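K.L.:
This one is data38.cif, mmCIF, C-alpha atoms.
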```
data_protein
#
loop_
_atom_site.group_PDB
_atom_site.id
_atom_site.type_symbol
_atom_site.label_atom_id
_atom_site.label_comp_id
_atom_site.auth_asym_id
_atom_site.auth_seq_id
_atom_site.Cartn_x
_atom_site.Cartn_y
_atom_site.Cartn_z
ATOM 1 C CA MET A 4 -30.113 14.888 -9.552
ATOM 2 C CA ARG A 5 -27.362 13.885 -11.933
ATOM 3 C CA ALA A 6 -23.681 14.661 -11.562
ATOM 4 C CA THR A 7 -20.450 13.988 -13.366
ATOM 5 C CA VAL A 8 -17.164 13.902 -11.506
ATOM 6 C CA VAL A 9 -13.951 14.217 -13.502
ATOM 7 C CA VAL A 10 -10.798 13.038 -11.723
ATOM 8 C CA ARG A 11 -7.421 13.966 -13.185
ATOM 9 C CA PRO A 12 -3.802 13.369 -12.245
ATOM 10 C CA LYS A 13 -2.699 16.603 -10.540
ATOM 11 C CA SER A 14 -0.794 18.941 -12.779
ATOM 12 C CA GLY A 15 2.934 18.459 -12.393
ATOM 13 C CA ILE A 16 2.524 14.784 -11.585
ATOM 14 C CA LEU A 17 3.976 12.369 -14.117
ATOM 15 C CA ASP A 18 1.162 10.668 -16.039
ATOM 16 C CA PRO A 19 2.631 7.632 -17.835
ATOM 17 C CA GLN A 20 -0.795 6.713 -19.248
ATOM 18 C CA GLY A 21 -1.191 10.179 -20.764
ATOM 19 C CA GLN A 22 2.317 9.969 -22.202
ATOM 20 C CA ALA A 23 1.557 6.605 -23.835
ATOM 21 C CA VAL A 24 -1.661 8.003 -25.344
ATOM 22 C CA GLU A 25 0.153 11.116 -26.518
ATOM 23 C CA SER A 26 2.869 9.090 -28.231
ATOM 24 C CA SER A 27 0.297 6.765 -29.888
ATOM 25 C CA LEU A 28 -1.644 9.753 -31.227
ATOM 26 C CA ARG A 29 1.577 11.202 -32.640
ATOM 27 C CA HIS A 30 2.300 7.883 -34.332
ATOM 28 C CA LEU A 31 -1.124 8.135 -35.937
ATOM 29 C CA GLY A 32 -0.074 11.496 -37.380
ATOM 30 C CA PHE A 33 -1.953 13.824 -35.022
ATOM 31 C CA ALA A 34 -0.099 16.947 -33.903
ATOM 32 C CA VAL A 35 -0.758 16.288 -30.212
ATOM 33 C CA ASN A 36 1.469 18.117 -27.741
ATOM 34 C CA LYS A 37 0.044 16.755 -24.537
ATOM 35 C CA ALA A 38 -2.424 14.162 -23.306
ATOM 36 C CA ARG A 39 -3.473 13.501 -19.718
ATOM 37 C CA VAL A 40 -5.681 10.566 -18.807
ATOM 38 C CA GLY A 41 -8.173 10.721 -15.938
ATOM 39 C CA ARG A 42 -11.432 9.115 -14.918
ATOM 40 C CA VAL A 43 -15.117 10.037 -15.281
ATOM 41 C CA VAL A 44 -17.754 9.014 -12.746
ATOM 42 C CA ASP A 45 -21.425 9.583 -13.638
ATOM 43 C CA LEU A 46 -23.740 9.645 -10.649
ATOM 44 C CA GLU A 47 -27.423 9.865 -9.884
ATOM 45 C CA LEU A 48 -28.121 11.035 -6.356
ATOM 46 C CA ASP A 49 -30.892 12.133 -4.028
ATOM 47 C CA ALA A 50 -30.477 15.642 -2.663
ATOM 48 C CA ALA A 51 -32.896 18.396 -1.620
ATOM 49 C CA ASP A 52 -31.111 21.079 -3.619
ATOM 50 C CA VAL A 53 -27.975 21.865 -5.575
ATOM 51 C CA GLY A 54 -26.107 23.053 -2.482
ATOM 52 C CA GLU A 55 -26.716 19.824 -0.606
ATOM 53 C CA ALA A 56 -25.784 17.765 -3.671
ATOM 54 C CA ARG A 57 -22.544 19.685 -4.116
ATOM 55 C CA GLY A 58 -21.657 19.174 -0.451
ATOM 56 C CA GLN A 59 -22.261 15.424 -0.783
ATOM 57 C CA LEU A 60 -20.207 15.258 -3.970
ATOM 58 C CA GLU A 61 -17.290 17.132 -2.385
ATOM 59 C CA ARG A 62 -17.257 14.597 0.454
ATOM 60 C CA MET A 63 -17.470 11.689 -2.010
ATOM 61 C CA CYS A 64 -14.442 13.040 -3.849
ATOM 62 C CA GLU A 65 -12.406 13.628 -0.690
ATOM 63 C CA GLN A 66 -13.270 10.266 0.858
ATOM 64 C CA LEU A 67 -13.241 7.930 -2.107
ATOM 65 C CA LEU A 68 -13.457 9.116 -5.707
ATOM 66 C CA ALA A 69 -10.123 10.954 -5.761
ATOM 67 C CA ASN A 70 -6.868 10.611 -3.857
ATOM 68 C CA PRO A 71 -6.188 14.279 -3.032
ATOM 69 C CA LEU A 72 -2.444 13.657 -2.831
ATOM 70 C CA ILE A 73 -2.157 12.797 -6.516
ATOM 71 C CA GLU A 74 -5.485 13.704 -8.123
ATOM 72 C CA SER A 75 -7.651 16.787 -8.636
ATOM 73 C CA TYR A 76 -11.381 16.659 -9.339
ATOM 74 C CA GLU A 77 -14.145 18.705 -10.906
ATOM 75 C CA ILE A 78 -17.854 18.379 -10.175
ATOM 76 C CA GLU A 79 -20.550 19.066 -12.740
ATOM 77 C CA LEU A 80 -24.194 19.089 -11.535
ATOM 78 C CA ARG A 81 -27.345 18.836 -13.624
ATOM 79 C CA ALA A 82 -30.671 19.329 -11.829
ATOM 80 C CA ASP A 83 -32.639 17.575 -14.554
ATOM 81 C CA GLY A 84 -34.556 15.414 -12.178
ATOM 82 C CA MET B 15 12.218 -18.693 25.875
ATOM 83 C CA THR B 16 11.169 -22.159 24.729
ATOM 84 C CA ASP B 17 7.929 -22.091 26.695
ATOM 85 C CA THR B 18 6.974 -18.615 25.442
ATOM 86 C CA PRO B 19 3.803 -18.894 23.374
ATOM 87 C CA ARG B 20 4.131 -18.262 19.659
ATOM 88 C CA PRO B 21 3.004 -14.689 18.919
ATOM 89 C CA ARG B 22 -0.318 -14.438 17.136
ATOM 90 C CA VAL B 23 -0.146 -12.709 13.765
ATOM 91 C CA ALA B 24 -3.462 -11.913 12.080
ATOM 92 C CA VAL B 25 -3.398 -12.116 8.277
ATOM 93 C CA VAL B 26 -6.342 -10.208 6.825
ATOM 94 C CA VAL B 27 -8.052 -11.597 3.735
ATOM 95 C CA PHE B 28 -10.008 -9.321 1.404
ATOM 96 C CA PRO B 29 -11.916 -10.510 -1.658
ATOM 97 C CA GLY B 30 -9.109 -10.670 -4.213
ATOM 98 C CA SER B 31 -6.225 -11.152 -1.769
ATOM 99 C CA ASN B 32 -3.959 -13.902 -3.073
ATOM 100 C CA ASP B 33 -0.770 -13.907 -1.001
ATOM 101 C CA HIS B 34 -2.294 -14.674 2.392
ATOM 102 C CA ARG B 35 -1.380 -18.379 2.228
ATOM 103 C CA ASP B 36 2.278 -17.653 1.448
ATOM 104 C CA ALA B 37 2.324 -15.020 4.184
ATOM 105 C CA GLN B 38 0.851 -17.458 6.705
ATOM 106 C CA LEU B 39 3.241 -20.231 5.697
ATOM 107 C CA ALA B 40 6.253 -17.926 5.972
ATOM 108 C CA LEU B 41 5.167 -16.497 9.325
ATOM 109 C CA GLU B 42 4.389 -19.952 10.749
ATOM 110 C CA ARG B 43 7.821 -21.205 9.699
ATOM 111 C CA LEU B 44 9.387 -18.202 11.389
ATOM 112 C CA GLY B 45 7.662 -19.012 14.667
ATOM 113 C CA ALA B 46 4.329 -17.206 14.556
ATOM 114 C CA ASP B 47 0.874 -18.574 15.228
ATOM 115 C CA THR B 48 -1.174 -17.127 12.376
ATOM 116 C CA ALA B 49 -4.897 -16.501 12.155
ATOM 117 C CA ARG B 50 -6.659 -15.772 8.896
ATOM 118 C CA VAL B 51 -9.180 -12.959 9.334
ATOM 119 C CA TRP B 52 -11.945 -12.276 6.799
ATOM 120 C CA HIS B 53 -12.422 -8.603 5.897
ATOM 121 C CA GLU B 54 -16.032 -8.556 7.162
ATOM 122 C CA GLU B 55 -14.961 -9.347 10.719
ATOM 123 C CA PRO B 56 -15.398 -6.380 13.053
ATOM 124 C CA LEU B 57 -12.609 -7.462 15.414
ATOM 125 C CA LEU B 58 -9.105 -8.908 15.346
ATOM 126 C CA PRO B 59 -8.609 -12.268 17.114
ATOM 127 C CA ALA B 60 -7.817 -12.208 20.819
ATOM 128 C CA GLU B 61 -4.122 -11.746 21.623
ATOM 129 C CA THR B 62 -3.229 -10.458 18.181
ATOM 130 C CA ALA B 63 0.376 -9.235 18.404
ATOM 131 C CA ALA B 64 0.777 -8.135 14.784
ATOM 132 C CA VAL B 65 -1.342 -7.706 11.665
ATOM 133 C CA VAL B 66 -0.306 -8.433 8.084
ATOM 134 C CA LEU B 67 -2.257 -7.081 5.104
ATOM 135 C CA PRO B 68 -1.186 -9.387 2.274
ATOM 136 C CA GLY B 69 -0.729 -8.843 -1.435
ATOM 137 C CA GLY B 70 -3.332 -9.372 -4.104
ATOM 138 C CA PHE B 71 -6.002 -7.393 -5.887
ATOM 139 C CA SER B 72 -8.508 -6.496 -3.192
ATOM 140 C CA TYR B 73 -11.921 -5.628 -4.655
ATOM 141 C CA GLY B 74 -10.456 -6.075 -8.136
ATOM 142 C CA ASP B 75 -8.292 -2.958 -7.690
ATOM 143 C CA TYR B 76 -11.428 -1.003 -8.683
ATOM 144 C CA LEU B 77 -11.128 2.798 -8.662
ATOM 145 C CA ARG B 78 -7.583 2.808 -7.235
ATOM 146 C CA CYS B 79 -5.645 -0.056 -5.654
ATOM 147 C CA GLY B 80 -6.634 -0.308 -2.010
ATOM 148 C CA ALA B 81 -9.237 2.474 -2.229
ATOM 149 C CA ILE B 82 -12.223 0.206 -1.533
ATOM 150 C CA ALA B 83 -10.513 -2.203 0.873
ATOM 151 C CA ARG B 84 -9.729 0.591 3.306
ATOM 152 C CA PHE B 85 -13.466 0.778 4.110
ATOM 153 C CA ALA B 86 -13.766 -2.939 4.953
ATOM 154 C CA PRO B 87 -15.149 -3.514 8.485
ATOM 155 C CA ILE B 88 -11.886 -5.120 9.705
ATOM 156 C CA MET B 89 -9.959 -1.955 8.807
ATOM 157 C CA ARG B 90 -11.559 -0.074 11.697
ATOM 158 C CA ALA B 91 -10.128 -2.691 14.037
ATOM 159 C CA VAL B 92 -6.749 -2.530 12.288
ATOM 160 C CA GLU B 93 -6.683 1.279 12.594
ATOM 161 C CA GLN B 94 -7.581 1.019 16.278
ATOM 162 C CA PHE B 95 -4.889 -1.638 16.798
ATOM 163 C CA ALA B 96 -2.278 0.568 15.099
ATOM 164 C CA ALA B 97 -3.379 3.648 17.040
ATOM 165 C CA GLU B 98 -2.686 1.683 20.232
ATOM 166 C CA GLY B 99 0.832 0.900 19.005
ATOM 167 C CA GLY B 100 0.145 -2.519 17.448
ATOM 168 C CA LEU B 101 2.464 -3.714 14.673
ATOM 169 C CA VAL B 102 0.969 -3.603 11.179
ATOM 170 C CA VAL B 103 2.697 -4.610 7.936
ATOM 171 C CA GLY B 104 1.236 -4.123 4.468
ATOM 172 C CA ILE B 105 2.810 -6.031 1.596
ATOM 173 C CA CYS B 106 2.174 -4.805 -1.960
ATOM 174 C CA ASN B 107 -1.642 -4.463 -2.108
ATOM 175 C CA GLY B 108 -1.520 -4.265 1.688
ATOM 176 C CA PHE B 109 0.857 -1.298 1.347
ATOM 177 C CA GLN B 110 -1.565 0.297 -1.128
ATOM 178 C CA ILE B 111 -4.428 -0.157 1.350
ATOM 179 C CA LEU B 112 -2.406 1.436 4.176
ATOM 180 C CA THR B 113 -1.571 4.529 2.066
ATOM 181 C CA GLU B 114 -5.213 4.848 0.947
ATOM 182 C CA ALA B 115 -6.231 4.624 4.613
ATOM 183 C CA SER B 116 -3.711 7.400 5.413
ATOM 184 C CA MET B 117 -1.968 5.052 7.848
ATOM 185 C CA LEU B 118 1.206 5.453 5.784
ATOM 186 C CA PRO B 119 2.464 8.485 3.843
ATOM 187 C CA GLY B 120 2.433 8.795 0.070
ATOM 188 C CA ALA B 121 0.467 7.075 -2.664
ATOM 189 C CA LEU B 122 1.124 4.167 -5.013
ATOM 190 C CA ARG B 123 0.632 4.910 -8.692
ATOM 191 C CA ALA B 124 0.923 3.015 -11.966
ATOM 192 C CA ASN B 125 4.489 1.894 -12.717
ATOM 193 C CA ALA B 126 6.307 4.458 -14.858
ATOM 194 C CA SER B 127 6.721 1.763 -17.536
ATOM 195 C CA LEU B 128 2.962 1.017 -17.428
ATOM 196 C CA ALA B 129 4.026 -2.639 -17.444
ATOM 197 C CA PHE B 130 3.406 -5.191 -14.724
ATOM 198 C CA VAL B 131 6.790 -6.151 -13.245
ATOM 199 C CA CYS B 132 7.481 -9.583 -11.810
ATOM 200 C CA ARG B 133 11.093 -10.249 -10.891
ATOM 201 C CA ASP B 134 13.660 -10.308 -8.106
ATOM 202 C CA VAL B 135 14.961 -6.890 -7.100
ATOM 203 C CA THR B 136 17.682 -5.814 -4.715
ATOM 204 C CA VAL B 137 16.620 -3.477 -1.936
ATOM 205 C CA ARG B 138 18.882 -1.745 0.575
ATOM 206 C CA VAL B 139 18.076 -1.642 4.273
ATOM 207 C CA GLU B 140 18.116 2.020 5.343
ATOM 208 C CA ARG B 141 17.146 1.369 8.962
ATOM 209 C CA SER B 142 18.045 -1.736 10.926
ATOM 210 C CA ASP B 143 16.589 -0.507 14.199
ATOM 211 C CA THR B 144 12.895 -0.939 13.425
ATOM 212 C CA PRO B 145 10.512 -3.751 14.460
ATOM 213 C CA PHE B 146 10.529 -4.839 10.802
ATOM 214 C CA THR B 147 14.256 -4.866 10.037
ATOM 215 C CA ALA B 148 15.976 -5.687 13.335
ATOM 216 C CA ARG B 149 17.371 -8.941 11.896
ATOM 217 C CA CYS B 150 19.030 -6.988 9.042
ATOM 218 C CA GLU B 151 22.298 -5.096 8.906
ATOM 219 C CA LEU B 152 22.304 -1.414 7.981
ATOM 220 C CA GLU B 153 22.701 -1.011 4.205
ATOM 221 C CA GLN B 154 22.369 -4.764 3.745
ATOM 222 C CA PRO B 155 21.233 -5.661 0.224
ATOM 223 C CA LEU B 156 18.232 -7.996 0.191
ATOM 224 C CA THR B 157 16.998 -9.955 -2.818
ATOM 225 C CA ILE B 158 13.212 -10.046 -2.736
ATOM 226 C CA PRO B 159 10.730 -10.365 -5.625
ATOM 227 C CA VAL B 160 8.276 -7.679 -6.707
ATOM 228 C CA LYS B 161 5.116 -8.335 -8.733
ATOM 229 C CA HIS B 162 2.932 -5.323 -9.289
ATOM 230 C CA GLY B 163 1.503 -2.898 -11.804
ATOM 231 C CA GLU B 164 0.964 -0.004 -9.392
ATOM 232 C CA GLY B 165 4.032 0.201 -7.182
ATOM 233 C CA CYS B 166 5.332 3.648 -8.000
ATOM 234 C CA TRP B 167 5.448 5.284 -4.581
ATOM 235 C CA TYR B 168 4.871 9.010 -4.749
ATOM 236 C CA ALA B 169 5.050 11.862 -2.274
ATOM 237 C CA GLU B 170 5.764 15.552 -2.776
ATOM 238 C CA PRO B 171 9.447 16.539 -2.465
ATOM 239 C CA GLU B 172 8.985 18.383 0.857
ATOM 240 C CA GLN B 173 7.242 15.349 2.313
ATOM 241 C CA VAL B 174 9.995 13.011 1.077
ATOM 242 C CA ALA B 175 12.603 15.237 2.747
ATOM 243 C CA GLU B 176 10.625 15.179 5.982
ATOM 244 C CA LEU B 177 10.249 11.383 5.883
ATOM 245 C CA GLU B 178 13.960 11.028 5.191
ATOM 246 C CA ALA B 179 14.805 13.311 8.119
ATOM 247 C CA ASN B 180 12.464 11.287 10.377
ATOM 248 C CA GLY B 181 14.074 8.018 9.254
ATOM 249 C CA GLN B 182 10.791 6.669 7.854
ATOM 250 C CA LEU B 183 12.215 5.532 4.507
ATOM 251 C CA VAL B 184 13.153 2.033 5.637
ATOM 252 C CA LEU B 185 13.838 0.256 2.334
ATOM 253 C CA ARG B 186 15.143 1.594 -0.979
ATOM 254 C CA TYR B 187 15.700 -0.139 -4.298
ATOM 255 C CA ALA B 188 19.441 -0.494 -4.911
ATOM 256 C CA GLN B 189 20.963 1.683 -7.613
ATOM 257 C CA GLY B 190 19.584 0.755 -11.026
ATOM 258 C CA GLU B 191 17.036 -1.630 -9.493
ATOM 259 C CA ASN B 192 13.975 0.652 -9.200
ATOM 260 C CA PRO B 193 11.296 -1.403 -10.997
ATOM 261 C CA ASN B 194 8.489 1.162 -11.018
ATOM 262 C CA GLY B 195 9.781 4.736 -10.977
ATOM 263 C CA ALA B 196 9.160 5.235 -7.249
ATOM 264 C CA VAL B 197 10.266 8.662 -6.009
ATOM 265 C CA ASP B 198 13.717 8.532 -4.414
ATOM 266 C CA ASP B 199 13.854 4.725 -5.016
ATOM 267 C CA VAL B 200 11.545 4.170 -2.051
ATOM 268 C CA ALA B 201 10.520 0.520 -1.640
ATOM 269 C CA GLY B 202 9.275 0.553 1.961
ATOM 270 C CA VAL B 203 7.964 3.243 4.329
ATOM 271 C CA MET B 204 7.153 3.377 8.020
ATOM 272 C CA ASN B 205 4.753 5.694 9.880
ATOM 273 C CA ALA B 206 6.107 8.361 12.243
ATOM 274 C CA ALA B 207 5.344 6.246 15.315
ATOM 275 C CA GLY B 208 7.351 3.353 13.856
ATOM 276 C CA ASN B 209 4.718 0.619 14.240
ATOM 277 C CA VAL B 210 3.155 0.561 10.746
ATOM 278 C CA PHE B 211 5.227 -0.478 7.740
ATOM 279 C CA GLY B 212 4.463 -0.998 4.060
ATOM 280 C CA LEU B 213 6.612 -2.385 1.268
ATOM 281 C CA MET B 214 6.138 -3.296 -2.387
ATOM 282 C CA PRO B 215 8.539 -6.302 -2.469
ATOM 283 C CA HIS B 216 7.139 -9.628 -1.225
ATOM 284 C CA PRO B 217 9.224 -11.007 1.665
ATOM 285 C CA GLU B 218 6.795 -13.940 1.999
ATOM 286 C CA HIS B 219 7.947 -15.197 -1.409
ATOM 287 C CA ALA B 220 11.604 -15.197 -0.354
ATOM 288 C CA VAL B 221 11.781 -17.526 2.631
ATOM 289 C CA ASP B 222 12.921 -20.765 1.006
ATOM 290 C CA PRO B 223 16.162 -21.448 -0.919
ATOM 291 C CA LEU B 224 14.062 -23.374 -3.425
ATOM 292 C CA LEU B 225 12.634 -20.029 -4.588
ATOM 293 C CA GLY B 226 16.053 -18.396 -4.974
ATOM 294 C CA SER B 227 16.328 -16.241 -1.863
ATOM 295 C CA THR B 228 15.664 -16.403 1.852
ATOM 296 C CA ASP B 229 16.193 -12.683 2.458
ATOM 297 C CA GLY B 230 12.475 -12.157 3.015
ATOM 298 C CA SER B 231 12.734 -14.092 6.265
ATOM 299 C CA LEU B 232 14.919 -11.300 7.673
ATOM 300 C CA ILE B 233 11.950 -8.909 7.355
ATOM 301 C CA LEU B 234 9.206 -11.305 8.462
ATOM 302 C CA GLY B 235 11.488 -12.820 11.111
ATOM 303 C CA SER B 236 12.054 -9.329 12.523
ATOM 304 C CA LEU B 237 8.278 -8.878 12.654
ATOM 305 C CA VAL B 238 7.817 -12.211 14.462
ATOM 306 C CA ASP B 239 10.571 -11.272 16.967
ATOM 307 C CA SER B 240 8.890 -7.916 17.613
ATOM 308 C CA ALA B 241 5.462 -9.544 17.952
ATOM 309 C CA GLN B 242 7.001 -12.050 20.367
ATOM 310 C CA LEU B 243 8.406 -9.188 22.420
ATOM 311 C CA SER B 244 5.072 -7.367 22.595
ATOM 312 C CA THR B 245 3.327 -10.645 23.548
ATOM 313 C CA ALA B 246 5.857 -11.171 26.337
ATOM 314 C CA LEU B 247 5.361 -7.596 27.552
ATOM 315 C CA LEU B 248 1.591 -8.044 27.669
ATOM 316 C CA ALA B 249 1.815 -11.406 29.437
#
```
Can the structure in the file be given as C-alpha cells, please?
P.N.:
Amino acid sequence: MRATVVVRPKSGILDPQGQAVESSLRHLGFAVNKARVGRVVDLELDAADVGEARGQLERMCEQLLANPLIESYEIELRADG
Amino acid sequence: MTDTPRPRVAVVVFPGSNDHRDAQLALERLGADTARVWHEEPLLPAETAAVVLPGGFSYGDYLRCGAIARFAPIMRAVEQFAAEGGLVVGICNGFQILTEASMLPGALRANASLAFVCRDVTVRVERSDTPFTARCELEQPLTIPVKHGEGCWYAEPEQVAELEANGQLVLRYAQGENPNGAVDDVAGVMNAAGNVFGLMPHPEHAVDPLLGSTDGSLILGSLVDSAQLSTALLA
C-alpha cells in the first residue's frame, strides 16, 4: 500500500519559511497573498487493509513524522498494491 | 570535602554531536569526572550523577532537530534516570532532543530570521535556586554564545503562562538580545520536577577568559555542585 503524509506548520503558527517564499514570489511578480511551507513523506507499507494502514500511519505521525505541538498532518492512502 | 570523589557526569554522544569534547573539558575543569557515552549504549555508566546531552547535529538534523535522536537506545536510560530524579541538561541540540522526547515543554523551531546565528548573547537568570543556576545571582546577566539555526522556542500562550507561574522559565534573553524569535525571550527551560534543564546558549564555550567570557562556568559549575551533592547523598 502506498501513502503520502503531508505535514504543515499549524495554522496560527509563524512560518518564517513560508513568509520568505511568499515574499520571493511577490518579487517575481506573482500576486501571492500567502505561502506556507511544509513537508511531504511518501511511504510504501505492508498492511492487511486500509483501516490497519491508516492506524499505522496515524501512529507514525504522532510518534515521529509530525510534532503535534507545532505541526498538523494529513494522510492520503492509495491501495494500488 | 577534599576527599569527596568527583561526581560522574555522563556526556552522551550521538552521530553528529560536536560539542561533547568542549562539554567534557569544561565539566572536568569544574571538578567533574566525565564519561563519554555512545548513543547505542543501553545503560548509563555506574554512579552517573548527571547527564549532559551536548550540542551538534544529531542524525544530521533529519526530519526535525532531535526527532531521531530521541529514539536512540541510550535515551531510554536517560528517561529512566530523569524519572528517578537524576539531573539532565540539554545544550542546544541536546535541548532540542529533550523537547522532542517530551522531557521538556515546548518545541524548537527555525529561527525567525531563517539565518544561522553565531554570536555572544546576554541572558538573564530568572531563577537562582535551581540545580543549574545555584552559582548565579537572581537577574544576573550572563554572556554566553549561541550558535544555531533552530533555536526559536515555542509554546502556546497558556502553556507559557503556566510555565512562568511554575517558575520553569529559568533563562531569558536580555532585552533586545533575542537571537531567534523565541516566545517570551525564553532561552532556557526546566521541567516541573526541576531536575531536567535545556538551554540554547552554550555554557561549555564560555568557561575560559581566552574565549571572551567565563559566565558559562556558573551554569556548568552549578550542575557539578548539584551532582556532587547527589553523589554525597547516595554515598
K.L.:
When the PyMOL selection byres ((chain A) within 12 of (chain B)) is applied to the file above, which residues end up in the set, as a ChimeraX atom specification?
P.N.:
/A:10,12-13,15-24,41-44,64-74
K.L.:
Report as a ChimeraX atom specification the full result of the PyMOL selection byres ((chain A and resi 49) around 12) when it is applied to this structure.
P.N.:
/A:4-6,46-48,50-53,55-57,59-60,82-84
K.L.:
Using all atoms listed in the file, find the one residue out of B:Pro21, B:Gly30, B:Pro159, B:Gly80 that sits nearest to B:Tyr187.
P.N.:
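Distance minimum relative to B:Tyr187 lands on B:Pro159.
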K.L.:
Atom CA of A:Thr7 and atom CA of A:Gly54 are how many Å apart?
P.N.:
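Taking atom CA of A:Thr7 as the start and atom CA of A:Gly54 as the end point, the length is 15.3 Å.
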K.L.:
To test the calculation: enclose all listed atoms of stretch 6-10 of chain A in a box whose edges run along x, y and z, add 5 Å on each side, then state centre and edge lengths in Å to one decimal, as lines of an AutoDock Vina configuration file.
P.N.:
```
center_x = -17.2
center_y = 13.8
center_z = -12.5
size_x = 22.9
size_y = 11.6
size_z = 12.0
```
K.L.:
Just how far from atom CA of A:Ser75 is atom CA of A:Ser27, in Å to one decimal?
P.N.:
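Distance reported for this atom pair: 24.8 Å.
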K.L.:
Using the chain letters and numbers from the file, give me the residues hit by the PyMOL selection byres ((chain B and resi 63) around 9), as an MDAnalysis selection string.
P.N.:
chainID B and resid 21:24 61:62 64:65 100:101 238 240:245
K.L.:
B:Ala201, B:Leu232, B:Cys79, B:Ile105: which is nearest B:Gln154, counting all atoms listed in the file?
P.N.:
B:Leu232
K.L.:
So what do you get for atom CA of B:Leu237 versus atom CA of B:Glu172, distance-wise?
P.N.:
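Separation of atom CA of B:Leu237 and atom CA of B:Glu172: 29.7 Å.
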